file work11.cif (mmCIF, C-alpha atoms)
data_upload
#
loop_
_atom_site.label_atom_id
_atom_site.label_comp_id
_atom_site.auth_asym_id
_atom_site.auth_seq_id
_atom_site.Cartn_x
_atom_site.Cartn_y
_atom_site.Cartn_z
CA MET A 13 -36.56 32.84 -32.68
CA PRO A 14 -38.14 30.26 -35.03
CA SER A 15 -37.82 26.70 -33.78
CA SER A 16 -35.92 25.67 -36.93
CA ARG A 17 -33.11 28.06 -35.96
CA ARG A 18 -33.14 27.42 -32.25
CA ARG A 19 -29.91 25.74 -31.09
CA ALA A 20 -30.41 22.08 -30.27
CA THR A 21 -29.48 20.92 -26.78
CA LEU A 22 -29.37 17.54 -25.12
CA ALA A 23 -32.72 18.36 -23.55
CA THR A 24 -34.43 19.21 -26.86
CA VAL A 25 -33.04 16.10 -28.55
CA ALA A 26 -34.11 13.96 -25.60
CA ALA A 27 -37.62 15.42 -25.69
CA SER A 28 -37.96 14.75 -29.43
CA ALA A 29 -36.71 11.17 -29.02
CA GLY A 30 -38.82 10.49 -25.95
CA VAL A 31 -35.82 9.47 -23.87
CA SER A 32 -33.87 10.92 -20.98
CA VAL A 33 -30.99 13.38 -21.26
CA ALA A 34 -28.76 10.67 -19.79
CA THR A 35 -29.62 8.35 -22.68
CA VAL A 36 -28.69 11.00 -25.25
CA SER A 37 -25.42 11.54 -23.41
CA LYS A 38 -24.71 7.81 -23.52
CA VAL A 39 -25.23 7.79 -27.28
CA LEU A 40 -22.88 10.75 -27.72
CA ASN A 41 -20.22 9.02 -25.62
CA GLY A 42 -20.52 5.71 -27.44
CA ARG A 43 -21.79 3.80 -24.42
CA SER A 44 -22.92 0.25 -25.12
CA ASP A 45 -25.87 0.19 -22.68
CA VAL A 46 -28.39 1.71 -25.12
CA ALA A 47 -30.87 -0.30 -27.20
CA PRO A 48 -30.01 -0.34 -30.95
CA ASP A 49 -33.36 1.18 -32.03
CA THR A 50 -33.05 3.94 -29.43
CA ARG A 51 -29.47 4.63 -30.52
CA ARG A 52 -30.48 4.99 -34.19
CA ARG A 53 -33.40 7.27 -33.31
CA VAL A 54 -31.26 9.54 -31.15
CA GLN A 55 -28.43 9.67 -33.70
CA SER A 56 -30.88 10.61 -36.43
CA LEU A 57 -32.36 13.44 -34.34
CA LEU A 58 -28.89 14.72 -33.40
CA VAL A 59 -28.10 15.12 -37.10
CA LYS A 60 -31.55 16.43 -38.03
CA GLN A 61 -31.59 19.07 -35.31
CA GLY A 62 -27.99 20.06 -35.96
CA TYR A 63 -26.76 19.34 -32.47
CA ALA A 64 -23.19 20.61 -32.08
CA ALA A 65 -21.34 19.08 -29.19
CA ARG A 66 -19.10 21.37 -27.21
CA PRO A 67 -15.37 20.68 -27.62
CA ALA A 68 -14.40 18.01 -25.15
CA GLN A 69 -12.35 19.26 -22.26
CA ARG A 70 -9.51 17.00 -21.27
CA ALA A 71 -9.95 15.74 -17.75
CA PRO A 72 -7.07 16.55 -15.42
CA ALA A 73 -4.59 13.74 -14.92
CA MET A 74 -5.25 11.95 -11.63
CA VAL A 75 -3.74 9.03 -9.76
CA GLU A 76 -5.68 6.96 -7.26
CA LEU A 77 -4.03 5.56 -4.14
CA GLN A 78 -6.19 2.69 -2.94
CA VAL A 79 -5.46 1.66 0.65
CA SER A 80 -6.81 -1.70 1.83
CA GLY A 81 -7.77 -2.34 5.44
CA ASP A 82 -7.44 -0.10 8.46
CA LEU A 83 -5.13 2.89 8.35
CA CYS A 84 -2.15 2.74 10.71
CA ALA A 85 1.21 4.45 11.26
CA TYR A 86 2.74 2.35 8.48
CA SER A 87 0.19 3.24 5.80
CA THR A 88 0.06 6.89 6.88
CA GLU A 89 3.76 7.35 6.09
CA ILE A 90 3.32 5.90 2.59
CA ILE A 91 0.29 8.14 2.02
CA LYS A 92 2.35 11.20 3.02
CA GLY A 93 5.04 10.32 0.49
CA THR A 94 2.51 9.78 -2.29
CA LEU A 95 0.82 13.11 -1.61
CA GLU A 96 4.20 14.86 -1.46
CA ALA A 97 5.22 13.49 -4.85
CA GLY A 98 1.80 14.31 -6.30
CA ALA A 99 2.07 17.92 -5.14
CA GLU A 100 5.54 18.18 -6.65
CA ALA A 101 4.29 16.82 -9.99
CA ARG A 102 1.08 18.88 -9.76
CA VAL A 103 -0.99 15.74 -10.13
CA PRO A 104 -4.07 15.27 -7.94
CA VAL A 105 -3.96 12.10 -5.81
CA VAL A 106 -7.31 10.56 -4.91
CA ILE A 107 -7.13 8.39 -1.78
CA THR A 108 -9.68 5.63 -1.24
CA ASN A 109 -9.88 3.22 1.67
CA VAL A 110 -11.19 -0.24 0.77
CA LYS A 111 -12.34 -2.80 3.32
CA GLY A 112 -13.33 -6.17 1.99
CA GLU A 113 -13.54 -7.00 -1.70
CA PRO A 114 -12.02 -4.20 -3.83
CA PRO A 115 -13.87 -2.86 -6.90
CA SER A 116 -13.14 -4.59 -10.19
CA GLY A 117 -14.64 -5.29 -13.60
CA ASP A 118 -14.00 -3.86 -17.05
CA ALA A 119 -16.78 -1.27 -16.84
CA TRP A 120 -15.36 0.06 -13.56
CA ALA A 121 -11.82 0.25 -14.94
CA ARG A 122 -12.93 1.90 -18.21
CA GLY A 123 -14.85 4.44 -16.17
CA LEU A 124 -11.67 5.39 -14.31
CA ALA A 125 -9.75 5.79 -17.57
CA ALA A 126 -12.53 7.89 -19.10
CA GLY A 127 -12.69 10.03 -15.97
CA GLY A 128 -9.07 11.14 -16.18
CA TRP A 129 -7.37 8.52 -14.02
CA GLN A 130 -3.83 7.99 -15.28
CA ALA A 131 -2.69 5.19 -12.97
CA MET A 132 -3.56 3.24 -9.84
CA ILE A 133 -1.36 2.72 -6.79
CA LEU A 134 -2.40 -0.12 -4.50
CA LEU A 135 -1.31 -0.25 -0.86
CA THR A 136 -2.35 -3.77 0.00
CA ASP A 137 -0.90 -7.03 1.29
CA GLU A 138 -2.37 -9.10 -1.50
CA PRO A 139 -3.59 -7.43 -4.74
CA ASN A 140 -6.87 -8.72 -6.11
CA ARG A 141 -6.17 -10.57 -9.37
CA ARG A 142 -9.53 -9.64 -10.93
CA GLN A 143 -8.90 -5.98 -10.18
CA LEU A 144 -5.39 -6.12 -11.65
CA ALA A 145 -6.71 -7.78 -14.82
CA SER A 146 -9.48 -5.17 -15.23
CA LEU A 147 -7.06 -2.26 -14.82
CA THR A 148 -4.57 -3.81 -17.26
CA ARG A 149 -7.24 -4.32 -19.93
CA ALA A 150 -8.31 -0.68 -19.49
CA GLY A 151 -4.73 0.43 -20.11
CA LEU A 152 -4.24 1.85 -16.62
CA PRO A 153 -0.75 1.25 -15.16
CA VAL A 154 -0.71 -0.29 -11.68
CA VAL A 155 1.93 0.04 -8.97
CA VAL A 156 1.64 -2.07 -5.80
CA VAL A 157 3.41 -0.95 -2.63
CA ASN A 158 4.98 -3.62 -0.38
CA PRO A 159 2.73 -6.54 -1.35
CA VAL A 160 2.93 -9.87 0.47
CA ASN A 161 4.04 -11.50 -2.79
CA PRO A 162 5.21 -9.89 -6.05
CA PRO A 163 2.26 -9.32 -8.43
CA PRO A 164 2.25 -10.78 -11.95
CA PRO A 165 3.57 -8.72 -14.88
CA PRO A 166 2.98 -6.12 -16.18
CA VAL A 167 2.23 -4.80 -12.67
CA THR A 168 5.10 -3.00 -10.94
CA SER A 169 5.80 -3.29 -7.21
CA ILE A 170 7.77 -1.23 -4.70
CA GLY A 171 9.38 -2.84 -1.65
CA ALA A 172 12.34 -2.73 0.71
CA THR A 173 15.40 -4.86 1.50
CA ASN A 174 13.63 -6.90 4.16
CA PHE A 175 16.23 -9.65 4.46
CA ALA A 176 19.05 -7.16 4.98
CA GLY A 177 16.93 -5.28 7.53
CA GLY A 178 16.22 -8.40 9.59
CA MET A 179 19.86 -9.35 9.48
CA SER A 180 21.11 -5.92 10.58
CA ALA A 181 18.62 -5.80 13.49
CA THR A 182 19.79 -9.18 14.76
CA GLN A 183 23.48 -8.38 14.24
CA HIS A 184 22.97 -5.26 16.36
CA LEU A 185 21.61 -7.34 19.24
CA LEU A 186 24.42 -9.88 18.84
CA ALA A 187 26.99 -7.08 18.94
CA LEU A 188 25.47 -5.95 22.24
CA GLY A 189 26.28 -9.36 23.66
CA HIS A 190 22.80 -10.92 23.53
CA ARG A 191 22.55 -14.64 22.78
CA ARG A 192 18.98 -15.43 23.80
CA ILE A 193 17.45 -13.49 20.91
CA ALA A 194 13.89 -14.19 19.81
CA CYS A 195 11.98 -13.10 16.72
CA LEU A 196 8.35 -11.96 16.66
CA GLY A 197 7.51 -12.03 12.96
CA GLY A 198 4.63 -10.78 10.84
CA PRO A 199 2.14 -12.97 8.93
CA ALA A 200 3.56 -16.40 8.11
CA ASP A 201 2.43 -16.15 4.47
CA ALA A 202 3.88 -12.67 3.86
CA ALA A 203 7.05 -12.66 1.74
CA SER A 204 8.26 -9.49 3.47
CA SER A 205 7.83 -11.08 6.90
CA GLN A 206 9.54 -14.27 5.78
CA ALA A 207 12.48 -12.26 4.42
CA ARG A 208 12.90 -10.43 7.75
CA MET A 209 12.79 -13.70 9.67
CA HIS A 210 15.28 -15.29 7.26
CA GLY A 211 17.58 -12.32 7.89
CA TYR A 212 17.26 -12.97 11.63
CA ARG A 213 18.09 -16.66 11.21
CA ALA A 214 21.01 -15.91 8.88
CA ALA A 215 22.56 -13.54 11.43
CA MET A 216 22.14 -16.07 14.24
CA GLU A 217 23.62 -18.91 12.15
CA THR A 218 26.55 -16.78 10.97
CA ALA A 219 27.34 -15.92 14.59
CA GLY A 220 27.05 -19.57 15.61
CA VAL A 221 24.26 -18.78 18.08
CA PRO A 222 21.41 -21.32 18.27
CA VAL A 223 17.77 -20.30 17.99
CA LEU A 224 16.17 -21.82 21.08
CA PRO A 225 12.81 -23.66 20.93
CA GLY A 226 9.82 -21.32 21.05
CA TYR A 227 11.94 -18.28 20.14
CA VAL A 228 10.32 -17.71 16.74
CA ARG A 229 6.66 -16.73 16.52
CA THR A 230 4.51 -15.24 13.76
CA ALA A 231 1.80 -12.65 14.26
CA GLY A 232 0.41 -9.83 12.15
CA PHE A 233 2.03 -6.43 11.76
CA CYS A 234 -0.37 -4.50 14.01
CA TYR A 235 -0.44 -3.74 17.74
CA PRO A 236 -3.20 -6.27 18.67
CA ASP A 237 -1.21 -9.00 16.89
CA GLY A 238 1.80 -8.20 19.05
CA LEU A 239 -0.29 -8.38 22.21
CA ARG A 240 -1.70 -11.76 21.20
CA GLU A 241 1.54 -13.49 20.23
CA GLY A 242 4.04 -11.55 22.34
CA ALA A 243 2.61 -12.86 25.59
CA GLY A 244 3.56 -16.43 24.72
CA LEU A 245 7.02 -15.34 23.67
CA LEU A 246 7.72 -13.76 27.05
CA ASP A 247 6.53 -16.94 28.80
CA VAL A 248 9.17 -19.12 27.12
CA GLU A 249 11.91 -20.52 29.40
CA PRO A 250 14.60 -19.40 29.39
CA ARG A 251 13.11 -15.99 28.71
CA PRO A 252 14.71 -14.06 25.81
CA THR A 253 16.92 -11.13 26.72
CA ALA A 254 16.25 -9.50 23.35
CA VAL A 255 13.58 -9.62 20.65
CA PHE A 256 13.59 -8.57 17.02
CA ALA A 257 10.01 -7.61 16.10
CA ALA A 258 8.95 -7.44 12.44
CA SER A 259 7.14 -4.09 12.83
CA ASP A 260 7.14 -1.08 15.14
CA GLU A 261 3.60 -1.76 16.26
CA ILE A 262 4.21 -5.31 17.46
CA ALA A 263 7.45 -4.09 19.08
CA LEU A 264 5.41 -1.56 21.06
CA ALA A 265 2.95 -4.27 22.07
CA LEU A 266 5.82 -6.40 23.29
CA MET A 267 7.20 -3.50 25.35
CA GLN A 268 3.78 -3.02 26.94
CA LEU A 269 3.58 -6.73 27.82
CA ALA A 270 7.07 -6.57 29.32
CA ARG A 271 6.09 -3.65 31.56
CA GLU A 272 3.00 -5.54 32.72
CA ARG A 273 5.31 -8.38 33.81
CA GLY A 274 7.60 -6.02 35.69
CA LEU A 275 10.34 -6.20 33.06
CA ARG A 276 12.30 -3.09 32.22
CA VAL A 277 13.10 -2.15 28.62
CA PRO A 278 15.97 -2.24 27.81
CA ASP A 279 17.55 -3.36 31.14
CA ASP A 280 15.72 -6.70 31.24
CA LEU A 281 14.61 -6.94 27.63
CA SER A 282 16.05 -5.23 24.55
CA VAL A 283 13.59 -4.68 21.70
CA VAL A 284 14.24 -3.80 18.05
CA GLY A 285 11.40 -3.01 15.66
CA PHE A 286 11.00 -2.59 11.91
CA ASP A 287 9.56 0.36 9.92
CA ASP A 288 10.71 3.49 11.81
CA THR A 289 7.26 5.06 11.81
CA GLU A 290 6.60 8.20 13.83
CA ILE A 291 5.52 6.17 16.85
CA ALA A 292 9.06 4.79 17.20
CA THR A 293 10.20 8.14 18.57
CA LEU A 294 7.19 8.58 20.86
CA THR A 295 7.66 5.43 22.93
CA SER A 296 9.37 5.26 26.30
CA PRO A 297 12.15 4.44 25.73
CA PRO A 298 12.42 5.47 22.06
CA LEU A 299 12.51 2.40 19.83
CA THR A 300 15.60 1.06 18.09
CA THR A 301 14.29 -0.03 14.72
CA VAL A 302 15.07 -0.80 11.12
CA ARG A 303 14.12 2.18 9.01
CA GLN A 304 11.96 1.08 6.12
CA PRO A 305 11.77 4.06 3.73
CA LEU A 306 7.98 4.23 3.82
CA ARG A 307 7.61 7.83 2.73
CA GLU A 308 10.13 7.26 -0.05
CA MET A 309 8.08 4.24 -1.15
CA GLY A 310 5.10 6.50 -1.65
CA ILE A 311 7.23 9.00 -3.58
CA VAL A 312 8.74 6.33 -5.83
CA ALA A 313 5.34 4.70 -6.37
CA LEU A 314 3.80 7.97 -7.58
CA ARG A 315 6.74 8.83 -9.83
CA THR A 316 6.82 5.31 -11.26
CA ALA A 317 3.07 5.39 -11.92
CA LEU A 318 3.44 8.66 -13.84
CA ARG A 319 6.34 7.28 -15.87
CA LEU A 320 4.27 4.24 -16.82
CA ALA A 321 1.31 6.46 -17.71
CA ALA A 322 3.59 8.46 -20.00
CA GLY A 323 4.59 5.28 -21.82
CA GLU A 324 8.13 5.13 -20.45
CA THR A 325 9.97 1.84 -20.01
CA ILE A 326 10.66 0.88 -16.40
CA GLU A 327 14.05 -0.70 -15.73
CA SER A 328 12.63 -3.23 -13.24
CA ARG A 329 9.17 -4.51 -12.39
CA HIS A 330 10.16 -4.76 -8.74
CA ILE A 331 11.97 -1.87 -7.06
CA GLU A 332 13.62 -2.37 -3.66
CA LEU A 333 14.66 0.55 -1.46
CA ALA A 334 17.41 0.16 1.13
CA THR A 335 16.67 -0.28 4.84
CA GLU A 336 18.81 1.22 7.63
CA LEU A 337 19.20 0.45 11.32
CA VAL A 338 18.31 3.36 13.60
CA VAL A 339 19.70 2.87 17.12
CA ARG A 340 17.76 4.49 19.97
CA SER A 341 17.26 3.57 23.62
CA SER A 342 15.25 0.33 23.57
CA SER A 343 18.34 -1.84 23.04
CA LEU A 344 21.15 -2.20 25.59
CA ALA A 345 24.24 -4.34 26.07
CA SER A 346 23.55 -7.64 27.76
#

call {"tool": "encode", "arguments": {"input": "work11.cif", "output": "structure tokens"}}
result
Amino acid sequence: MPSSRRRATLATVAASAGVSVATVSKVLNGRSDVAPDTRRRVQSLLVKQGYAARPAQRAPAMVELQVSGDLCAYSTEIIKGTLEAGAEARVPVVITNVKGEPPSGDAWARGLAAGGWQAMILLTDEPNRRQLASLTRAGLPVVVVNPVNPPPPPVTSIGATNFAGGMSATQHLLALGHRRIACLGGPADAASSQARMHGYRAAMETAGVPVLPGYVRTAGFCYPDGLREGAGLLDVEPRPTAVFAASDEIALALMQLARERGLRVPDDLSVVGFDDTEIATLTSPPLTTVRQPLREMGIVALRTALRLAAGETIESRHIELATELVVRSSSLAS
């Protein structure tokens, strides 16, 4: 076939222009990282050689779930819910695990939008402001699950009724006759942890029961945090007869410390956790805990992200799901 009638390809145009195929592709896609003279030369050859681009295929809608830090029982439940909702909506969910500084920048965010990403779900204690700004400028909706503090608008967040959960856990221990009730909280700067501790204090104050010195400590939400701070709590005199722990993992750490001291749970020490992750049913004894609807959070986050991507108006920028006390065998009447 004569060369004048041969169909032009990216390769033939690139060869004529003396550039790479990638450069020709950048020109076709309107990328800014091409020198003006090179752009004009490539555009001229595209027209001259009669290059006909194939019809663009729409990339499948995707949602990214970005999980910060180490995976644990808490984050696994939220991931399960997100995947469940994605399967129901027939939307692929891409899961990434970020440790350290998360990706950001306008070029990064535009690349996600161009690649078919419809929204971003962030499972993190503290969203990165630069990342949020980049995603917003790229037009990608963002939903944050259980952040330490509510993110700025227009970002939507999903949480739980932490204050009510802390109050119900403490009221349960009070109803069992306990008066020396301590609280092992999460991070001091976490709004969710503060709300749980405020619920504890409100229940104690309402019942007219004093919080004894040394009975309130802050830790993290993970097992090692419970081991570190729980030891001091059990050394306080008089020793607590019951403890409300701000997560299942630190509750388990506290139970382990109690066993090492020869204390029986719940005979000598009643323990109530928070989250109701799978591990709560695997402990000995099974853990009484406040059920935080973690899987439902993942489901609501995915559905909310898709609604935002479709241009729908969300009734509230912060959605709270109800908590519920689940009584098992780690709490006993005093």

call {"tool": "residues_near_point", "arguments": {"input": "work11.cif", "point": "(16.8, 5.5, 16.4)", "cutoff": "9 Å", "atoms": "all atoms listed in the file", "output": "list of chain:residue names"}}
result
A:Asp288, A:Ala292, A:Thr293, A:Pro298, A:Leu299, A:Thr300, A:Thr301, A:Val302, A:Arg303, A:Leu337, A:Val338, A:Val339, A:Arg340, A:Ser341, A:Ser342

call {"tool": "write_last_selection", "arguments": {"input": "work11.cif", "atoms": "C-alpha atoms", "output": "PDB file, keeping the file's coordinate frame"}}
result
ATOM      1  CA  ASP A 288      10.710   3.490  11.810  1.00  0.00           C
ATOM      2  CA  ALA A 292       9.060   4.790  17.200  1.00  0.00           C
ATOM      3  CA  THR A 293      10.200   8.140  18.570  1.00  0.00           C
ATOM      4  CA  PRO A 298      12.420   5.470  22.060  1.00  0.00           C
ATOM      5  CA  LEU A 299      12.510   2.400  19.830  1.00  0.00           C
ATOM      6  CA  THR A 300      15.600   1.060  18.090  1.00  0.00           C
ATOM      7  CA  THR A 301      14.290  -0.030  14.720  1.00  0.00           C
ATOM      8  CA  VAL A 302      15.070  -0.800  11.120  1.00  0.00           C
ATOM      9  CA  ARG A 303      14.120   2.180   9.010  1.00  0.00           C
ATOM     10  CA  LEU A 337      19.200   0.450  11.320  1.00  0.00           C
ATOM     11  CA  VAL A 338      18.310   3.360  13.600  1.00  0.00           C
ATOM     12  CA  VAL A 339      19.700   2.870  17.120  1.00  0.00           C
ATOM     13  CA  ARG A 340      17.760   4.490  19.970  1.00  0.00           C
ATOM     14  CA  SER A 341      17.260   3.570  23.620  1.00  0.00           C
ATOM     15  CA  SER A 342      15.250   0.330  23.570  1.00  0.00           C
TER      16      SER A 342
END

call {"tool": "closest_residue", "arguments": {"input": "work11.cif", "among": "A:Thr21, A:Gln130, A:Ser343, A:Thr218", "to": "Pro278 (chain A)", "atoms": "all atoms listed in the file"}}
result
A:Ser343

call {"tool": "residues_around", "arguments": {"input": "work11.cif", "residues": "region 209-212 of chain A", "least_positions_apart": "6", "cutoff": "7 Å", "atoms": "all atoms listed in the file", "output": "mmCIF file with C-alpha atoms, in the frame of the given file"}}
result
data_model
loop_
_atom_site.group_PDB
_atom_site.id
_atom_site.type_symbol
_atom_site.label_atom_id
_atom_site.label_comp_id
_atom_site.auth_asym_id
_atom_site.auth_seq_id
_atom_site.Cartn_x
_atom_site.Cartn_y
_atom_site.Cartn_z
ATOM 1 C CA PHE A 175 16.230 -9.650 4.460
ATOM 2 C CA ALA A 176 19.050 -7.160 4.980
ATOM 3 C CA GLY A 178 16.220 -8.400 9.590
ATOM 4 C CA MET A 179 19.860 -9.350 9.480
ATOM 5 C CA THR A 182 19.790 -9.180 14.760
ATOM 6 C CA GLY A 197 7.510 -12.030 12.960
#

call {"tool": "resolve_selection", "arguments": {"input": "work11.cif", "expression": "the PyMOL selection byres ((chain A and resi 231-248) around 9)", "output": "MDAnalysis selection string"}}
result
chainID A and resid 84 194:200 205 225:230 249:252 257:266 268:270 273

call {"tool": "resolve_selection", "arguments": {"input": "work11.cif", "expression": "the PyMOL selection byres ((chain A and resi 136-144) around 9)", "output": "ChimeraX atom specification"}}
result
/A:78-81,113-118,121,134-135,145-149,154,156-164,167,202

call {"tool": "residues_around", "arguments": {"input": "work11.cif", "residues": "Ile90 (chain A)", "least_positions_apart": "3", "cutoff": "8 Å", "atoms": "all atoms listed in the file", "output": "JSON, numbers by chain"}}
result
{"A": [86, 87, 93, 94, 306, 307, 308, 309, 310, 311]}

call {"tool": "atom_distance", "arguments": {"input": "work11.cif", "atom1": "CA of Glu336 (chain A)", "atom2": "CA of Arg192 (chain A)"}}
result
23.2 Å

call {"tool": "closest_residue", "arguments": {"input": "work11.cif", "among": "A:Thr295, A:Phe286, A:Ala119, A:Pro165", "to": "Ser328 (chain A)", "atoms": "only C-alpha atoms"}}
result
A:Pro165

call {"tool": "residues_near_point", "arguments": {"input": "work11.cif", "point": "(-28.9, 5.2, -30.4)", "cutoff": "9 Å", "atoms": "all atoms listed in the file", "output": "PyMOL selection string"}}
result
chain A and resi 35-36+38-40+42+46-56

call {"tool": "residues_around", "arguments": {"input": "work11.cif", "residues": "Pro153 (chain A)", "least_positions_apart": "6", "cutoff": "7 Å", "atoms": "all atoms listed in the file", "output": "list in words"}}
result
Ala131, Met132, Ala317, Leu320 and Ala321 of chain A

call {"tool": "closest_residue", "arguments": {"input": "work11.cif", "among": "A:Val277, A:Leu224, A:Ala26, A:Met74", "to": "Val105 (chain A)", "atoms": "all atoms listed in the file"}}
result
A:Met74

call {"tool": "axis_aligned_box", "arguments": {"input": "work11.cif", "around": "region 150-159 of chain A", "padding_each_side": "4 Å", "output": "lines of an AutoDock Vina configuration file"}}
result
center_x = -1.7
center_y = -2.3
center_z = -10.2
size_x = 21.3
size_y = 16.4
size_z = 27.7

call {"tool": "residues_around", "arguments": {"input": "work11.cif", "residues": "Ala334 (chain A)", "least_positions_apart": "5", "cutoff": "10 Å", "atoms": "only C-alpha atoms", "output": "PyMOL selection string"}}
result
chain A and resi 171-174+176-177+303-305

call {"tool": "closest_residue", "arguments": {"input": "work11.cif", "among": "A:Val110, A:Arg271, A:Asp45, A:Leu344", "to": "Leu186 (chain A)", "atoms": "all atoms listed in the file"}}
result
A:Leu344

call {"tool": "atom_distance", "arguments": {"input": "work11.cif", "atom1": "CA of Ala214 (chain A)", "atom2": "CA of Gln183 (chain A)"}}
result
9.6 Å

call {"tool": "atom_distance", "arguments": {"input": "work11.cif", "atom1": "CA of Gly285 (chain A)", "atom2": "CA of Ser180 (chain A)"}}
result
11.3 Å

call {"tool": "closest_residue", "arguments": {"input": "work11.cif", "among": "A:Leu58, A:Ile170, A:Ala97, A:Ala73", "to": "Gly127 (chain A)", "atoms": "only C-alpha atoms"}}
result
A:Ala73

call {"tool": "closest_residue", "arguments": {"input": "work11.cif", "among": "A:Val75, A:Val155, A:Leu22, A:Leu318", "to": "Trp129 (chain A)", "atoms": "only C-alpha atoms"}}
result
A:Val75
